[in-house]
Amino acid sequence: SLTSDVSGDGQASGTPELDTSGTDSSPPSGERYVQENGRMVHVKPKSRGGESRNVVADFVARITREITMEDGARAYRIEGETKKGRPFALDIEASEFERDRSLKSALGAAAGAESAVRAGMTRHIAPALKMLSSDVEKRKRYKRTGWTDSGFVLPGRTGEDVEVSLPDSLPYRANADADIGDGRDALDNLLQSIGPDKTAPVLSFMLTGPVVRHVQQIKRHGMFIKGRTGSLKTSVSQALMCIYGAGFIQDENLLKMGEGMTRNAAMALAGASHDLPIFFDNYKPSTGRGDRDFINLIHNVIEGGEKARLNRNSELKERRNIRAWPLITGEDLPNTDPASLPRVLSVEFKWNSGEDHPELTRAQANHDALPALGREWIEWLHTSDGQEALSELEDTFPDRRKKWPAYLRRNRPDMVNILRVASNLATNTLVYDAAKQCPAMRSVLAEHEAEYRKGLKEVAYRMGDYTCESLEARRLLDGIKSLQAAGRVNFAKRLGTDHYEDENRIGYRDGDGYYLILDLAIEAVED
């Protein structure tokens with residue numbers, strides 16, 4: 001117990017019985033820090049004997065945890081109590097801890113208005129905290145999900161000495177209490193909500209991220225769900241994301257493209273979503289910077305890094321490694337960049353707005369059981385059975401990748417970048433076949449396999465439409481056809497008597513076809 005008192009001028013009065021807990025470490029000079037009556041006190045021997053005692057702060061605190069980040073930087077968890085018994089805690093980077101003013105500011109904000117650091121004592125705060133701390137817990141902190149030397153980390157799925165810190169808008173979380181039986185029922189309803197031919201390819205994409213570590217031939221890509229307003233594309237996507245955290249069902253956690261989120265914010269969130277899908281909702285060409293933002297997002301996220309930048313000292317900053325798998329919804333894909341579209345698979349949802357959708361309603365009502373599937377999927381990937389299954393499937397990947405180009409060339413010879421699309425389709429089938437061997441999902445996926453195979457072929461066929469529409473030559477011809485139908489352009493007879501001076505004429509025609517004056521045609525379409 002404490003019997004000493006400290007006067008308001010910072011000097012301790014009387015001869016105290018000190019609570020010496022945590023005060024074993026003292027500087028060689030004999031100076032030390034102690035806790036007295038809810039305060040931190042600096043004790044210093046006098047040259048003629050005795051001791052001077054000065055209050056450092058009107059609270060007590062100690063370092064309880066030393067946190068090492070993935071890049072080697074450190075932070076401290078400080079926990080304390082005000083003189084009136086109110087607890088407080090804060091995290092501070094180790095570099096900021098060593099800056100007296102930064103430490104004082106952080107502690108003052110955490111401790112509150114009635115807990116002051118005494119005048120002239122700022123330089124004593126850091127040594128006082130260190131000397132009053134013992135048995136400091138050592139932890140490693142990741143600011144991302146995904147594979148690490150400790151296995152796959154996810155909030156709710158970490159070892160005793162590991163923690164994960166994510167932005168609030170990324171509610172990834174494993175739930176050890178989620179019931180796997182209820183999770184299977186919810187998944188079955190979810191797959192049937194729009195039809196397994198539409199939803200199963202999306203599910204297979206959602207399961208792909210954690211597989212990549214074991215099947216390194218896989219190339220990262222995205223998934224785009226196309227549909228009009230009311231087609232349930234957002235609702236189904238939210239429910240599917242619940243496989244990795246029940247919080248994704250909440251609308252406040254939606255990441256809105258365009259005006260709802262800057263591109264830099266999107267990249268930062270993608271950087272925290274390693275080896276997992278990240279859901280970007282409601283792409284519209286008319287909001288934000290439209291097509292440009294979508295194209296930049298696809299290239300930056302899928303190619304695995306952000307722009308190279310310089311810091312204030314003109315030194316090259318370290319680029320964030322991005323390993324997210326973007327799931328995007330919108331009314332239509334952009335048609336201005338043929339290089340970005342082969343990097344996504346697209347499936348179209350059709351649903352008459354206003355009709356009942358009982359399967360989706362049941363899946364949403366049981367959304368808190370869906371994390372059981374993500375938990376069991378990741379656990380299975382850690383087992384020898386899971387790794388053996390993926391190793392065998394990896395051997396089949398080259399053959400899968402050869403079969404899809406043959407199908408696409410036969411059915412869609414006009415498709416752009418067939419090999420990249422084929423690789424994405426091969427990945428989707430490989431992951432579905434792997435998930436069929438996972439005990440948690442085996443029965444559900446086996447039941448809907450035929451519809452899944454049919455739906456993926458439809459996805460493959462439609463990808464020809466999307467990639468062809470993005471070609472500049474194709475868009476130019478479509479524009480000319482529209483203008484001609486409206487009577488806004490025409491073609492003179494080749495070797496005829498028509499006057500070329502007609503401002504609406506963009507070329508010539510004869511029995512063999514049409515001949516463009518390219519500059520005039522491009523100008524007409526652009527106008």
# chains A, B, ... in the order shown; residues from 1 in each chain; ligands from 1

call {"tool": "residues_around", "arguments": {"residues": "A:Ser193", "least_positions_apart": "4", "cutoff": "12 Å", "atoms": "only C-alpha atoms", "output": "JSON, numbers by chain"}}
result
{"A": [186, 187, 188, 189, 197, 198, 199, 200, 231, 232, 233, 235, 236, 237, 239, 240, 349, 350, 351, 355, 356, 357, 358, 359, 360, 361, 362, 363, 364]}

call {"tool": "residues_around", "arguments": {"residues": "stretch 372-386 of chain A", "least_positions_apart": "6", "cutoff": "8 Å", "atoms": "only C-alpha atoms", "output": "VMD selection string"}}
result
chain A and resid 151 to 152 174 to 180 183 to 184 210 to 211 243 to 244 435 438 440 to 441

call {"tool": "closest_residue", "arguments": {"among": "A:His124, A:Lys481, A:Arg173, A:Lys256", "to": "A:Ile328", "atoms": "only C-alpha atoms"}}
result
A:Lys256

call {"tool": "atom_distance", "arguments": {"atom1": "atom CA of A:Asp502", "atom2": "atom CA of A:Gly479"}}
result
19.4 Å

call {"tool": "closest_residue", "arguments": {"among": "A:Val34, A:Val43, A:Val459, A:Ala116", "to": "A:Ser133", "atoms": "only C-alpha atoms"}}
result
A:Val34

call {"tool": "atom_distance", "arguments": {"atom1": "atom CA of A:Gly85", "atom2": "atom CA of A:Leu107"}}
result
15.6 Å

call {"tool": "closest_residue", "arguments": {"among": "A:Ala111, A:Val215, A:Leu276, A:Met267", "to": "A:Glu392", "atoms": "only C-alpha atoms"}}
result
A:Val215

call {"tool": "select_by_dssp", "arguments": {"residues": "stretch 322-420 of chain A", "states": "strand (DSSP E or B)", "output": "list in words"}}
result
Trp325, Pro326, Leu327, Ile328, Thr329, Gly330, Val344, Leu345, Ser346, Val347 and Glu348 of chain A

call {"tool": "closest_atom_pairs", "arguments": {"of": "stretch 205-308 of chain A", "to": "stretch 142-147 of chain A", "cutoff": "7 Å", "atoms": "only C-alpha atoms", "output": "CSV"}}
result
residue,atom,partner,partner_atom,distance
A:Ala272,CA,A:Arg144,CA,4.1
A:Ser273,CA,A:Thr145,CA,5.6
A:His274,CA,A:Gly146,CA,4.9
A:Asp275,CA,A:Gly146,CA,5.0

call {"tool": "residues_around", "arguments": {"residues": "A:Glu523", "least_positions_apart": "6", "cutoff": "12 Å", "atoms": "only C-alpha atoms", "output": "JSON, numbers by chain"}}
result
{"A": [476, 479, 480, 483, 489, 503, 504, 505, 506, 516, 517]}

call {"tool": "write_last_selection", "arguments": {"atoms": "N, CA, C and O atoms", "output": "compact mmCIF listing (two decimals), in the first residue's frame"}}
result
# COMPACT_ATOMS: atom_id res chain seq x y z
N LEU A 476 -15.12 1.69 -83.87
CA LEU A 476 -15.23 2.64 -84.97
C LEU A 476 -16.30 2.19 -85.97
O LEU A 476 -17.16 2.98 -86.39
N GLY A 479 -19.73 2.64 -84.59
CA GLY A 479 -20.11 4.05 -84.62
C GLY A 479 -20.53 4.50 -86.00
O GLY A 479 -21.51 5.24 -86.17
N ILE A 480 -19.81 4.03 -87.03
CA ILE A 480 -20.15 4.40 -88.41
C ILE A 480 -21.52 3.84 -88.79
O ILE A 480 -22.34 4.52 -89.43
N LEU A 483 -24.20 5.98 -87.24
CA LEU A 483 -24.32 7.28 -87.92
C LEU A 483 -24.97 7.13 -89.29
O LEU A 483 -25.78 7.97 -89.70
N VAL A 489 -24.03 10.26 -91.97
CA VAL A 489 -22.88 10.10 -92.85
C VAL A 489 -23.34 9.33 -94.08
O VAL A 489 -24.36 8.62 -94.06
N GLU A 503 -20.20 17.43 -96.89
CA GLU A 503 -19.47 17.34 -95.63
C GLU A 503 -19.79 16.07 -94.84
O GLU A 503 -19.06 15.69 -93.93
N ASN A 504 -20.88 15.38 -95.18
CA ASN A 504 -21.25 14.16 -94.47
C ASN A 504 -20.64 12.91 -95.07
O ASN A 504 -20.81 11.82 -94.53
N ARG A 505 -19.91 13.04 -96.16
CA ARG A 505 -19.35 11.87 -96.81
C ARG A 505 -18.02 11.51 -96.18
O ARG A 505 -17.16 12.35 -95.99
N ILE A 506 -17.90 10.23 -95.88
CA ILE A 506 -16.68 9.76 -95.20
C ILE A 506 -15.97 8.68 -96.00
O ILE A 506 -15.04 8.05 -95.50
N LEU A 516 -13.27 3.53 -96.60
CA LEU A 516 -13.27 4.67 -95.68
C LEU A 516 -12.14 5.64 -96.00
O LEU A 516 -11.01 5.23 -96.32
N ILE A 517 -12.46 6.93 -95.89
CA ILE A 517 -11.42 7.94 -95.75
C ILE A 517 -11.23 8.07 -94.24
O ILE A 517 -12.05 8.67 -93.54

call {"tool": "closest_residue", "arguments": {"among": "A:Asn428, A:Ser391, A:Asn37, A:Thr208", "to": "A:Ala324", "atoms": "only C-alpha atoms"}}
result
A:Thr208

call {"tool": "select_by_dssp", "arguments": {"residues": "stretch 44-158 of chain A", "states": "alpha helix (DSSP H)", "output": "PyMOL selection string"}}
result
chain A and resi 94-97+100-111+125-131

call {"tool": "write_last_selection", "arguments": {"atoms": "N, CA, C and O atoms", "output": "compact mmCIF listing (two decimals), in the first residue's frame"}}
result
# COMPACT_ATOMS: atom_id res chain seq x y z
N ALA A 94 7.51 2.86 -32.34
CA ALA A 94 8.71 2.99 -31.52
C ALA A 94 9.48 4.27 -31.85
O ALA A 94 10.03 4.92 -30.95
N SER A 95 9.50 4.65 -33.11
CA SER A 95 10.20 5.88 -33.49
C SER A 95 9.53 7.11 -32.89
O SER A 95 10.20 8.07 -32.50
N GLU A 96 8.19 7.08 -32.79
CA GLU A 96 7.46 8.20 -32.18
C GLU A 96 7.62 8.17 -30.66
O GLU A 96 7.63 9.22 -30.01
N PHE A 97 7.73 6.98 -30.10
CA PHE A 97 7.94 6.85 -28.66
C PHE A 97 9.21 7.57 -28.23
O PHE A 97 9.27 8.19 -27.16
N ASP A 100 10.15 12.89 -27.59
CA ASP A 100 9.50 13.29 -26.34
C ASP A 100 8.16 13.97 -26.55
O ASP A 100 7.18 13.67 -25.86
N ARG A 101 8.11 14.89 -27.47
CA ARG A 101 6.86 15.63 -27.67
C ARG A 101 5.75 14.74 -28.23
O ARG A 101 4.59 14.87 -27.84
N SER A 102 6.12 13.86 -29.16
CA SER A 102 5.12 12.95 -29.73
C SER A 102 4.57 12.02 -28.66
O SER A 102 3.36 11.77 -28.60
N LEU A 103 5.44 11.51 -27.80
CA LEU A 103 5.01 10.61 -26.73
C LEU A 103 4.11 11.34 -25.75
O LEU A 103 3.08 10.82 -25.32
N LYS A 104 4.50 12.55 -25.37
CA LYS A 104 3.68 13.33 -24.44
C LYS A 104 2.30 13.59 -25.03
O LYS A 104 1.28 13.47 -24.34
N SER A 105 2.26 13.96 -26.30
CA SER A 105 0.98 14.25 -26.96
C SER A 105 0.08 13.02 -26.98
O SER A 105 -1.11 13.09 -26.67
N ALA A 106 0.65 11.87 -27.34
CA ALA A 106 -0.15 10.64 -27.42
C ALA A 106 -0.67 10.21 -26.05
O ALA A 106 -1.84 9.84 -25.90
N LEU A 107 0.18 10.28 -25.03
CA LEU A 107 -0.24 9.90 -23.68
C LEU A 107 -1.25 10.87 -23.12
O LEU A 107 -2.23 10.47 -22.48
N GLY A 108 -1.03 12.16 -23.35
CA GLY A 108 -1.98 13.14 -22.85
C GLY A 108 -3.36 12.97 -23.43
O GLY A 108 -4.38 13.09 -22.73
N ALA A 109 -3.43 12.66 -24.75
CA ALA A 109 -4.73 12.45 -25.39
C ALA A 109 -5.41 11.20 -24.85
O ALA A 109 -6.63 11.17 -24.66
N ALA A 110 -4.63 10.15 -24.58
CA ALA A 110 -5.22 8.90 -24.10
C ALA A 110 -5.64 8.98 -22.64
O ALA A 110 -6.69 8.46 -22.26
N ALA A 111 -4.84 9.65 -21.82
CA ALA A 111 -5.12 9.70 -20.37
C ALA A 111 -6.24 10.67 -20.04
O ALA A 111 -6.94 10.49 -19.04
N ILE A 125 9.40 10.86 -19.53
CA ILE A 125 8.28 9.93 -19.76
C ILE A 125 8.79 8.62 -20.35
O ILE A 125 8.46 7.53 -19.85
N ALA A 126 9.58 8.70 -21.43
CA ALA A 126 10.04 7.47 -22.08
C ALA A 126 10.87 6.59 -21.15
O ALA A 126 10.58 5.38 -21.02
N PRO A 127 11.91 7.11 -20.46
CA PRO A 127 12.66 6.23 -19.55
C PRO A 127 11.81 5.71 -18.40
O PRO A 127 11.99 4.58 -17.94
N ALA A 128 10.85 6.52 -17.92
CA ALA A 128 9.98 6.05 -16.84
C ALA A 128 9.15 4.86 -17.29
O ALA A 128 9.04 3.85 -16.58
N LEU A 129 8.59 4.95 -18.49
CA LEU A 129 7.77 3.84 -18.99
C LEU A 129 8.60 2.58 -19.17
O LEU A 129 8.17 1.48 -18.83
N LYS A 130 9.81 2.73 -19.69
CA LYS A 130 10.65 1.55 -19.91
C LYS A 130 11.10 0.91 -18.61
O LYS A 130 11.12 -0.32 -18.47
N MET A 131 11.45 1.74 -17.63
CA MET A 131 11.95 1.19 -16.37
C MET A 131 10.84 0.62 -15.50
O MET A 131 11.09 -0.25 -14.66

call {"tool": "atom_distance", "arguments": {"atom1": "atom CA of A:Ala268", "atom2": "atom CA of A:Ala369"}}
result
28.7 Å
